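Content type compact mmCIF, C-alpha atoms, from the file my_file-v2.txt:
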```txt
# COMPACT_ATOMS: atom_id res chain seq x y z
CA MET J 11 56.60 2.31 -12.57
CA LYS J 12 57.11 -0.19 -15.37
CA GLU J 13 60.26 -1.43 -13.68
CA ILE J 14 58.43 -2.07 -10.43
CA LEU J 15 55.68 -4.00 -12.22
CA ASP J 16 58.32 -6.08 -14.04
CA LYS J 17 60.09 -6.90 -10.76
CA LEU J 18 56.77 -7.88 -9.15
CA GLN J 19 55.98 -10.07 -12.14
CA LYS J 20 59.34 -11.86 -11.84
CA ILE J 21 58.91 -12.39 -8.11
CA SER J 22 55.31 -13.68 -8.33
CA GLY J 23 55.76 -15.51 -11.58
CA LYS J 24 52.44 -14.16 -12.87
CA LYS J 25 51.78 -11.97 -15.83
CA THR J 26 50.35 -8.52 -15.29
CA VAL J 27 46.78 -7.84 -16.29
CA LYS J 28 46.32 -5.77 -19.39
CA ASN J 29 44.17 -2.65 -19.25
CA PRO J 30 40.54 -3.38 -20.04
CA THR J 31 39.26 -2.28 -23.39
CA PRO J 32 37.28 0.96 -23.50
CA ALA J 33 34.07 -0.99 -24.26
CA VAL J 34 34.39 -3.02 -21.04
CA PHE J 35 35.11 0.15 -19.07
CA ILE J 36 32.05 1.90 -20.53
CA MET J 37 29.86 -1.12 -19.78
CA VAL J 38 31.02 -1.23 -16.14
CA VAL J 39 30.36 2.51 -15.74
CA PHE J 40 26.94 2.13 -17.40
CA ILE J 41 25.94 -0.75 -15.09
CA GLY J 42 27.18 1.29 -12.12
CA PHE J 43 24.97 4.23 -13.10
CA ILE J 44 21.96 1.95 -13.54
CA PHE J 45 22.57 0.49 -10.08
CA LEU J 46 22.87 3.95 -8.54
CA GLY J 47 19.75 5.18 -10.34
CA VAL J 48 17.63 2.24 -9.19
CA ASN J 49 18.97 2.62 -5.67
CA MET J 50 18.14 6.33 -5.57
CA PHE J 51 14.66 5.78 -7.01
CA SER J 52 13.91 3.01 -4.52
CA SER J 53 15.07 5.03 -1.55
CA GLN J 54 12.84 7.97 -2.52
CA ASN J 55 9.74 5.79 -2.84
CA LEU J 56 9.68 4.41 0.69
CA SER J 57 6.30 5.03 2.19
CA PRO J 58 6.13 7.84 4.76
CA VAL J 59 4.07 5.41 6.82
CA PHE J 60 7.24 3.37 7.36
CA PHE J 61 9.07 6.33 8.87
CA GLY J 62 6.05 7.18 10.99
CA LEU J 63 5.99 3.65 12.39
CA ILE J 64 9.66 3.91 13.27
CA GLN J 65 9.00 7.19 15.10
CA ASN J 66 5.94 5.76 16.92
CA ASN J 67 3.59 8.16 15.17
CA ARG J 68 -0.01 7.22 16.01
CA LYS J 69 -1.49 8.50 12.72
CA SER J 70 1.03 6.49 10.70
CA THR J 71 0.16 3.42 12.76
CA VAL J 72 -3.55 3.91 12.03
CA ASP J 73 -2.80 4.37 8.30
CA TYR J 74 -0.67 1.23 8.29
CA LEU J 75 -3.32 -0.86 10.03
CA GLN J 76 -6.03 0.42 7.67
CA LYS J 77 -3.90 -0.64 4.71
CA ILE J 78 -3.37 -4.18 5.99
CA ILE J 79 -6.89 -4.70 7.36
CA ASP J 80 -7.68 -7.47 4.85
CA THR J 81 -4.47 -9.44 5.42
CA ASP J 82 -3.86 -12.45 7.63
CA ASN J 83 -1.34 -10.53 9.71
CA PHE J 84 -3.78 -7.78 10.72
CA ALA J 85 -4.93 -9.41 13.97
CA ASN J 86 -1.36 -9.81 15.23
CA GLN J 87 -0.43 -6.28 14.23
CA ILE J 88 -3.44 -4.60 15.83
CA ASP J 89 -2.86 -6.53 19.07
CA TYR J 90 0.78 -5.44 19.05
CA PHE J 91 -0.06 -1.77 18.50
CA LYS J 92 -2.95 -1.84 21.01
CA ASN J 93 -0.35 -2.67 23.65
CA ILE J 94 1.50 0.51 22.70
CA TYR J 95 -1.38 2.95 22.05
CA GLY J 96 -4.26 1.46 24.02
CA ASN J 97 -7.71 0.17 23.07
CA SER J 98 -8.82 3.45 21.48
CA LEU J 99 -6.56 2.62 18.53
CA LYS J 100 -9.07 0.04 17.32
CA ASN J 101 -11.79 2.72 17.08
CA GLU J 102 -9.49 4.90 14.98
CA VAL J 103 -8.61 2.05 12.65
CA PHE J 104 -12.26 1.14 12.11
CA ALA J 105 -13.56 4.74 12.14
CA ALA J 106 -14.44 4.75 8.42
CA LYS J 107 -16.30 1.43 8.70
CA ILE J 108 -18.16 2.61 11.81
CA LYS J 109 -19.14 5.79 9.98
CA ARG J 110 -20.37 3.79 6.96
CA ASP J 111 -22.37 1.46 9.23
CA LYS J 112 -24.09 4.45 10.86
CA GLU J 113 -24.83 5.92 7.43
CA ILE J 114 -26.24 2.56 6.26
CA ASN J 115 -28.54 2.38 9.30
CA LYS J 116 -29.73 5.95 8.71
CA LEU J 117 -30.40 5.30 5.01
CA GLU J 118 -32.22 2.04 5.75
CA GLN J 119 -34.53 3.93 8.12
CA ILE J 120 -35.22 6.49 5.39
CA LEU J 121 -35.81 3.65 2.95
CA THR J 122 -38.66 2.31 5.13
CA LYS J 123 -40.48 5.59 4.42
CA ASN J 124 -39.69 5.63 0.71
CA ALA J 125 -38.76 2.20 -0.68
CA GLN J 126 -38.56 3.55 -4.25
CA SER J 127 -35.84 6.14 -3.70
CA ARG J 128 -33.25 5.48 -6.35
CA ASP J 129 -30.65 7.67 -4.67
CA ILE J 130 -31.02 5.96 -1.29
CA LEU J 131 -30.87 2.51 -2.89
CA TYR J 132 -27.78 3.44 -4.89
CA SER J 133 -26.11 4.97 -1.83
CA LEU J 134 -26.80 1.78 0.11
CA TYR J 135 -25.26 -0.17 -2.77
CA LEU J 136 -22.08 1.94 -2.64
CA LEU J 137 -21.75 1.87 1.15
CA ASN J 138 -22.24 -1.89 1.35
CA LYS J 139 -19.77 -2.39 -1.48
CA GLU J 140 -17.18 -0.34 0.45
CA ASN J 141 -17.90 -2.50 3.51
CA LYS J 142 -17.33 -5.58 1.33
CA ASN J 143 -20.91 -6.78 1.84
CA LEU J 144 -21.15 -7.62 -1.84
CA SER J 145 -24.32 -9.72 -1.78
CA ILE J 146 -26.22 -6.99 0.09
CA ALA J 147 -24.73 -4.36 -2.22
CA GLU J 148 -25.89 -6.26 -5.30
CA ARG J 149 -29.38 -6.57 -3.85
CA TYR J 150 -29.60 -2.78 -3.39
CA PHE J 151 -28.23 -2.22 -6.88
CA ARG J 152 -30.87 -4.50 -8.41
CA LYS J 153 -33.60 -2.59 -6.55
CA ALA J 154 -32.16 0.73 -7.72
CA LYS J 155 -32.03 -0.64 -11.29
CA GLN J 156 -35.72 -1.58 -11.06
CA VAL J 157 -36.57 1.98 -10.07
CA ASP J 158 -34.28 3.54 -12.70
CA PRO J 159 -33.17 1.20 -15.53
CA ASP J 160 -30.64 3.81 -16.74
CA ILE J 161 -28.54 3.54 -13.57
CA HIS J 162 -25.06 2.04 -14.00
CA LYS J 163 -22.37 0.72 -11.66
```
Take the structure from the file and write it as structure tokens.
Amino acid sequence: MKEILDKLQKISGKKTVKNPTPAVFIMVVFIGFIFLGVNMFSSQNLSPVFFGLIQNNRKSTVDYLQKIIDTDNFANQIDYFKNIYGNSLKNEVFAAKIKRDKEINKLEQILTKNAQSRDILYSLYLLNKENKNLSIAERYFRKAKQVDPDIHK
């Protein structure tokens, strides 16, 4: 083998490369293991929603749209998926908000009968906060705080 390497060296006119030191070899192996570990970890943490979208799973599509509802891209995405799943998709995406709105209306009707109900006021605070109606939520919290000063957010 050494003879072949010597002949190749004479023909090419270049010197052969020495074997790397054990420290360099260990470092390369260590970096390789880090790369493999990060790659494996990343591949296992892909959201199942992603795979559901690829497989045209309606529930995954609804989950995805609910997660991006506050982004600029939401309108484009819901229009795209409405073309695939139909208009009923929008009702599924907004089902939680629709349910909260109905609950708010019901609690506001109860509140007309008992304006000093701490629990109703606090529930209205929480529901409006979830709906991102922060000014209305704060108003209900202040009213609840007037009824019960020990109440906390």
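When only C-alpha atoms are used to measure the gap to Glu113 in chain J, the shortest distance among J:Ile41, J:Ala125, J:Leu134, J:Leu63 belongs to J:Leu134.
Between Glu102 in chain J and the candidates J:Thr71, J:Asn66, J:Ser52, J:Asn141, the tightest atom-to-atom separation, counting all atoms listed in the file, involves J:Thr71.
Nearest-residue note for Tyr132 in chain J: choosing from J:Met37, J:Lys116, J:Pro32, J:Asp158, the minimum distance belongs to J:Asp158, counting all atoms listed in the file.
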Distance CA of Ile114 in chain J-CA of Val157 in chain J, one decimal place? 19.3 Å
Near Asn138 in chain J, within 9 Å and counting all atoms listed in the file, which residues show up once chain neighbours fewer than 6 positions away are dropped, as number ranges by chain? J: 110-111, 114, 144-148, 150
Just give me the residues with any atom within 12 Å of (7.2, 2.9, 7.7), file coordinates, counting only C-alpha atoms, written as number ranges by chain. J: 55-75
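Pairwise distance (CA of Val103 in chain J, CA of Lys77 in chain J) equals 9.6 Å.
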Choose the residue, out of J:Gln87, J:Thr81, J:Ser127, J:Ser53, that has the smallest atom-to-atom separation from Leu99 in chain J; count all atoms listed in the file.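 Using all atoms listed in the file, Leu99 in chain J sits closest to J:Gln87.
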At what distance in Å, to one decimal, does CA of Leu46 in chain J lie from CA of Val34 in chain J?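 Taking CA of Val34 in chain J as the start and CA of Leu46 in chain J as the end point, the length is 18.4 Å.
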Minimum-distance residue to Ile161 in chain J, chosen among J:Ile79, J:Ile120, J:Leu131, J:Ala33 (using all atoms listed in the file): J:Leu131
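Of the residues under consideration (J:Ala85, J:Val39, J:Leu137, J:Val48), J:Leu137 shows the shortest atom-to-atom contact distance to Lys112 in chain J when counting only C-alpha atoms.
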Centre and edges of the range 70-85 of chain J box, axis-aligned, 6 Å extra per side, as JSON:
```
{"center_x": -3.3, "center_y": -3.0, "center_z": 9.3, "size_x": 20.7, "size_y": 30.9, "size_z": 21.3}
```
If you keep C-alpha atoms, can you output range 11-162 of chain J as a PDB file, in the first residue's frame?
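Just written: part00.pdb:
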```pdb
ATOM      1  CA  MET J  11       0.000   0.000   0.000  1.00  0.00           C
ATOM      2  CA  LYS J  12       2.854   2.320   0.903  1.00  0.00           C
ATOM      3  CA  GLU J  13       4.451   1.655  -2.465  1.00  0.00           C
ATOM      4  CA  ILE J  14       1.282   2.631  -4.301  1.00  0.00           C
ATOM      5  CA  LEU J  15       0.989   5.869  -2.323  1.00  0.00           C
ATOM      6  CA  ASP J  16       4.653   6.666  -3.066  1.00  0.00           C
ATOM      7  CA  LYS J  17       4.125   6.080  -6.807  1.00  0.00           C
ATOM      8  CA  LEU J  18       1.014   8.286  -6.769  1.00  0.00           C
ATOM      9  CA  GLN J  19       2.967  10.976  -4.952  1.00  0.00           C
ATOM     10  CA  LYS J  20       5.735  10.883  -7.573  1.00  0.00           C
ATOM     11  CA  ILE J  21       3.251  11.037 -10.444  1.00  0.00           C
ATOM     12  CA  SER J  22       1.177  13.902  -8.984  1.00  0.00           C
ATOM     13  CA  GLY J  23       4.076  15.722  -7.444  1.00  0.00           C
ATOM     14  CA  LYS J  24       2.078  16.320  -4.255  1.00  0.00           C
ATOM     15  CA  LYS J  25       2.799  15.148  -0.777  1.00  0.00           C
ATOM     16  CA  THR J  26       0.402  12.759   0.906  1.00  0.00           C
ATOM     17  CA  VAL J  27      -1.751  14.010   3.729  1.00  0.00           C
ATOM     18  CA  LYS J  28      -0.769  12.872   7.165  1.00  0.00           C
ATOM     19  CA  ASN J  29      -3.336  11.176   9.380  1.00  0.00           C
ATOM     20  CA  PRO J  30      -5.249  13.653  11.506  1.00  0.00           C
ATOM     21  CA  THR J  31      -4.403  13.775  15.162  1.00  0.00           C
ATOM     22  CA  PRO J  32      -6.735  11.925  17.530  1.00  0.00           C
ATOM     23  CA  ALA J  33      -7.997  15.249  18.946  1.00  0.00           C
ATOM     24  CA  VAL J  34      -9.172  16.411  15.502  1.00  0.00           C
ATOM     25  CA  PHE J  35     -10.830  13.046  14.888  1.00  0.00           C
ATOM     26  CA  ILE J  36     -12.646  13.190  18.244  1.00  0.00           C
ATOM     27  CA  MET J  37     -13.794  16.750  17.550  1.00  0.00           C
ATOM     28  CA  VAL J  38     -15.203  15.785  14.128  1.00  0.00           C
ATOM     29  CA  VAL J  39     -17.035  12.801  15.640  1.00  0.00           C
ATOM     30  CA  PHE J  40     -18.359  14.993  18.480  1.00  0.00           C
ATOM     31  CA  ILE J  41     -19.663  17.645  16.057  1.00  0.00           C
ATOM     32  CA  GLY J  42     -21.235  14.873  13.969  1.00  0.00           C
ATOM     33  CA  PHE J  43     -23.089  13.514  16.999  1.00  0.00           C
ATOM     34  CA  ILE J  44     -24.307  16.993  17.930  1.00  0.00           C
ATOM     35  CA  PHE J  45     -25.597  17.486  14.381  1.00  0.00           C
ATOM     36  CA  LEU J  46     -27.371  14.122  14.427  1.00  0.00           C
ATOM     37  CA  GLY J  47     -28.869  14.796  17.860  1.00  0.00           C
ATOM     38  CA  VAL J  48     -30.236  18.203  16.870  1.00  0.00           C
ATOM     39  CA  ASN J  49     -31.581  16.745  13.646  1.00  0.00           C
ATOM     40  CA  MET J  50     -33.353  13.904  15.459  1.00  0.00           C
ATOM     41  CA  PHE J  51     -34.795  16.250  18.090  1.00  0.00           C
ATOM     42  CA  SER J  52     -36.074  18.664  15.449  1.00  0.00           C
ATOM     43  CA  SER J  53     -37.690  15.939  13.390  1.00  0.00           C
ATOM     44  CA  GLN J  54     -39.566  14.593  16.423  1.00  0.00           C
ATOM     45  CA  ASN J  55     -40.958  18.006  17.349  1.00  0.00           C
ATOM     46  CA  LEU J  56     -42.799  18.743  14.114  1.00  0.00           C
ATOM     47  CA  SER J  57     -46.357  19.609  14.901  1.00  0.00           C
ATOM     48  CA  PRO J  58     -48.925  16.897  14.133  1.00  0.00           C
ATOM     49  CA  VAL J  59     -50.975  19.699  12.606  1.00  0.00           C
ATOM     50  CA  PHE J  60     -48.417  19.879   9.792  1.00  0.00           C
ATOM     51  CA  PHE J  61     -48.912  16.226   8.899  1.00  0.00           C
ATOM     52  CA  GLY J  62     -52.677  16.637   9.120  1.00  0.00           C
ATOM     53  CA  LEU J  63     -52.542  19.531   6.663  1.00  0.00           C
ATOM     54  CA  ILE J  64     -50.517  17.432   4.254  1.00  0.00           C
ATOM     55  CA  GLN J  65     -53.109  14.648   4.483  1.00  0.00           C
ATOM     56  CA  ASN J  66     -56.037  17.098   4.051  1.00  0.00           C
ATOM     57  CA  ASN J  67     -57.352  16.381   7.530  1.00  0.00           C
ATOM     58  CA  ARG J  68     -60.195  18.793   8.304  1.00  0.00           C
ATOM     59  CA  LYS J  69     -59.599  18.849  12.085  1.00  0.00           C
ATOM     60  CA  SER J  70     -55.912  19.678  11.575  1.00  0.00           C
ATOM     61  CA  THR J  71     -56.913  22.461   9.208  1.00  0.00           C
ATOM     62  CA  VAL J  72     -59.282  23.909  11.815  1.00  0.00           C
ATOM     63  CA  ASP J  73     -56.550  23.673  14.488  1.00  0.00           C
ATOM     64  CA  TYR J  74     -54.069  25.381  12.185  1.00  0.00           C
ATOM     65  CA  LEU J  75     -56.456  28.217  11.335  1.00  0.00           C
ATOM     66  CA  GLN J  76     -57.314  28.731  15.013  1.00  0.00           C
ATOM     67  CA  LYS J  77     -53.617  29.047  15.809  1.00  0.00           C
ATOM     68  CA  ILE J  78     -52.983  31.682  13.142  1.00  0.00           C
ATOM     69  CA  ILE J  79     -56.221  33.628  13.648  1.00  0.00           C
ATOM     70  CA  ASP J  80     -54.396  36.757  14.864  1.00  0.00           C
ATOM     71  CA  THR J  81     -51.854  36.855  12.039  1.00  0.00           C
ATOM     72  CA  ASP J  82     -51.897  38.868   8.831  1.00  0.00           C
ATOM     73  CA  ASN J  83     -51.942  35.703   6.741  1.00  0.00           C
ATOM     74  CA  PHE J  84     -55.157  34.344   8.281  1.00  0.00           C
ATOM     75  CA  ALA J  85     -57.532  35.862   5.702  1.00  0.00           C
ATOM     76  CA  ASN J  86     -55.619  34.323   2.791  1.00  0.00           C
ATOM     77  CA  GLN J  87     -55.375  30.956   4.505  1.00  0.00           C
ATOM     78  CA  ILE J  88     -59.052  30.712   5.448  1.00  0.00           C
ATOM     79  CA  ASP J  89     -60.074  31.659   1.900  1.00  0.00           C
ATOM     80  CA  TYR J  90     -57.759  28.984   0.526  1.00  0.00           C
ATOM     81  CA  PHE J  91     -59.117  26.279   2.832  1.00  0.00           C
ATOM     82  CA  LYS J  92     -62.747  27.367   2.323  1.00  0.00           C
ATOM     83  CA  ASN J  93     -62.267  26.475  -1.338  1.00  0.00           C
ATOM     84  CA  ILE J  94     -61.285  22.964  -0.264  1.00  0.00           C
ATOM     85  CA  TYR J  95     -63.686  22.314   2.641  1.00  0.00           C
ATOM     86  CA  GLY J  96     -66.555  24.705   1.977  1.00  0.00           C
ATOM     87  CA  ASN J  97     -68.072  27.609   3.923  1.00  0.00           C
ATOM     88  CA  SER J  98     -68.852  25.509   7.004  1.00  0.00           C
ATOM     89  CA  LEU J  99     -65.129  25.567   7.808  1.00  0.00           C
ATOM     90  CA  LYS J 100     -65.425  29.173   8.971  1.00  0.00           C
ATOM     91  CA  ASN J 101     -68.040  28.174  11.582  1.00  0.00           C
ATOM     92  CA  GLU J 102     -65.716  25.479  12.912  1.00  0.00           C
ATOM     93  CA  VAL J 103     -62.769  27.858  13.128  1.00  0.00           C
ATOM     94  CA  PHE J 104     -64.806  30.468  15.002  1.00  0.00           C
ATOM     95  CA  ALA J 105     -66.831  27.953  17.069  1.00  0.00           C
ATOM     96  CA  ALA J 106     -65.148  28.889  20.368  1.00  0.00           C
ATOM     97  CA  LYS J 107     -65.679  32.614  19.763  1.00  0.00           C
ATOM     98  CA  ILE J 108     -69.310  32.049  18.773  1.00  0.00           C
ATOM     99  CA  LYS J 109     -69.831  30.017  21.937  1.00  0.00           C
ATOM    100  CA  ARG J 110     -68.236  32.750  24.075  1.00  0.00           C
ATOM    101  CA  ASP J 111     -70.403  35.415  22.403  1.00  0.00           C
ATOM    102  CA  LYS J 112     -73.552  33.415  23.204  1.00  0.00           C
ATOM    103  CA  GLU J 113     -72.384  32.976  26.794  1.00  0.00           C
ATOM    104  CA  ILE J 114     -71.674  36.722  27.066  1.00  0.00           C
ATOM    105  CA  ASN J 115     -75.179  37.550  25.806  1.00  0.00           C
ATOM    106  CA  LYS J 116     -76.734  35.109  28.273  1.00  0.00           C
ATOM    107  CA  LEU J 117     -74.712  36.506  31.195  1.00  0.00           C
ATOM    108  CA  GLU J 118     -75.516  40.102  30.241  1.00  0.00           C
ATOM    109  CA  GLN J 119     -79.226  39.232  30.324  1.00  0.00           C
ATOM    110  CA  ILE J 120     -78.788  37.721  33.788  1.00  0.00           C
ATOM    111  CA  LEU J 121     -76.839  40.811  34.826  1.00  0.00           C
ATOM    112  CA  THR J 122     -79.864  43.028  34.044  1.00  0.00           C
ATOM    113  CA  LYS J 123     -81.710  41.152  36.800  1.00  0.00           C
ATOM    114  CA  ASN J 124     -78.837  41.255  39.284  1.00  0.00           C
ATOM    115  CA  ALA J 125     -76.277  43.976  38.514  1.00  0.00           C
ATOM    116  CA  GLN J 126     -74.297  43.212  41.698  1.00  0.00           C
ATOM    117  CA  SER J 127     -73.453  39.587  40.945  1.00  0.00           C
ATOM    118  CA  ARG J 128     -69.732  39.290  41.427  1.00  0.00           C
ATOM    119  CA  ASP J 129     -69.555  35.911  39.703  1.00  0.00           C
ATOM    120  CA  ILE J 130     -71.424  37.109  36.614  1.00  0.00           C
ATOM    121  CA  LEU J 131     -69.286  40.250  36.395  1.00  0.00           C
ATOM    122  CA  TYR J 132     -66.091  38.245  36.754  1.00  0.00           C
ATOM    123  CA  SER J 133     -67.248  35.693  34.179  1.00  0.00           C
ATOM    124  CA  LEU J 134     -68.002  38.525  31.761  1.00  0.00           C
ATOM    125  CA  TYR J 135     -64.511  39.877  32.424  1.00  0.00           C
ATOM    126  CA  LEU J 136     -62.927  36.513  31.583  1.00  0.00           C
ATOM    127  CA  LEU J 137     -65.033  35.891  28.466  1.00  0.00           C
ATOM    128  CA  ASN J 138     -64.394  39.360  27.063  1.00  0.00           C
ATOM    129  CA  LYS J 139     -60.694  39.005  27.808  1.00  0.00           C
ATOM    130  CA  GLU J 140     -60.634  35.725  25.842  1.00  0.00           C
ATOM    131  CA  ASN J 141     -62.424  37.514  22.986  1.00  0.00           C
ATOM    132  CA  LYS J 142     -59.733  40.215  23.150  1.00  0.00           C
ATOM    133  CA  ASN J 143     -62.284  42.899  24.069  1.00  0.00           C
ATOM    134  CA  LEU J 144     -59.911  44.255  26.681  1.00  0.00           C
ATOM    135  CA  SER J 145     -61.616  47.577  27.394  1.00  0.00           C
ATOM    136  CA  ILE J 146     -64.963  45.857  27.992  1.00  0.00           C
ATOM    137  CA  ALA J 147     -63.227  43.182  30.066  1.00  0.00           C
ATOM    138  CA  GLU J 148     -61.577  45.812  32.260  1.00  0.00           C
ATOM    139  CA  ARG J 149     -64.916  47.553  32.762  1.00  0.00           C
ATOM    140  CA  TYR J 150     -66.484  44.304  34.029  1.00  0.00           C
ATOM    141  CA  PHE J 151     -63.482  43.651  36.253  1.00  0.00           C
ATOM    142  CA  ARG J 152     -63.758  47.102  37.839  1.00  0.00           C
ATOM    143  CA  LYS J 153     -67.461  46.492  38.534  1.00  0.00           C
ATOM    144  CA  ALA J 154     -66.676  43.081  40.046  1.00  0.00           C
ATOM    145  CA  LYS J 155     -63.947  44.701  42.172  1.00  0.00           C
ATOM    146  CA  GLN J 156     -66.476  47.256  43.463  1.00  0.00           C
ATOM    147  CA  VAL J 157     -68.770  44.431  44.550  1.00  0.00           C
ATOM    148  CA  ASP J 158     -65.938  42.356  46.049  1.00  0.00           C
ATOM    149  CA  PRO J 159     -62.671  44.243  46.742  1.00  0.00           C
ATOM    150  CA  ASP J 160     -60.869  40.942  47.441  1.00  0.00           C
ATOM    151  CA  ILE J 161     -61.239  39.733  43.845  1.00  0.00           C
ATOM    152  CA  HIS J 162     -58.017  39.436  41.840  1.00  0.00           C
TER     153      HIS J 162
END
```
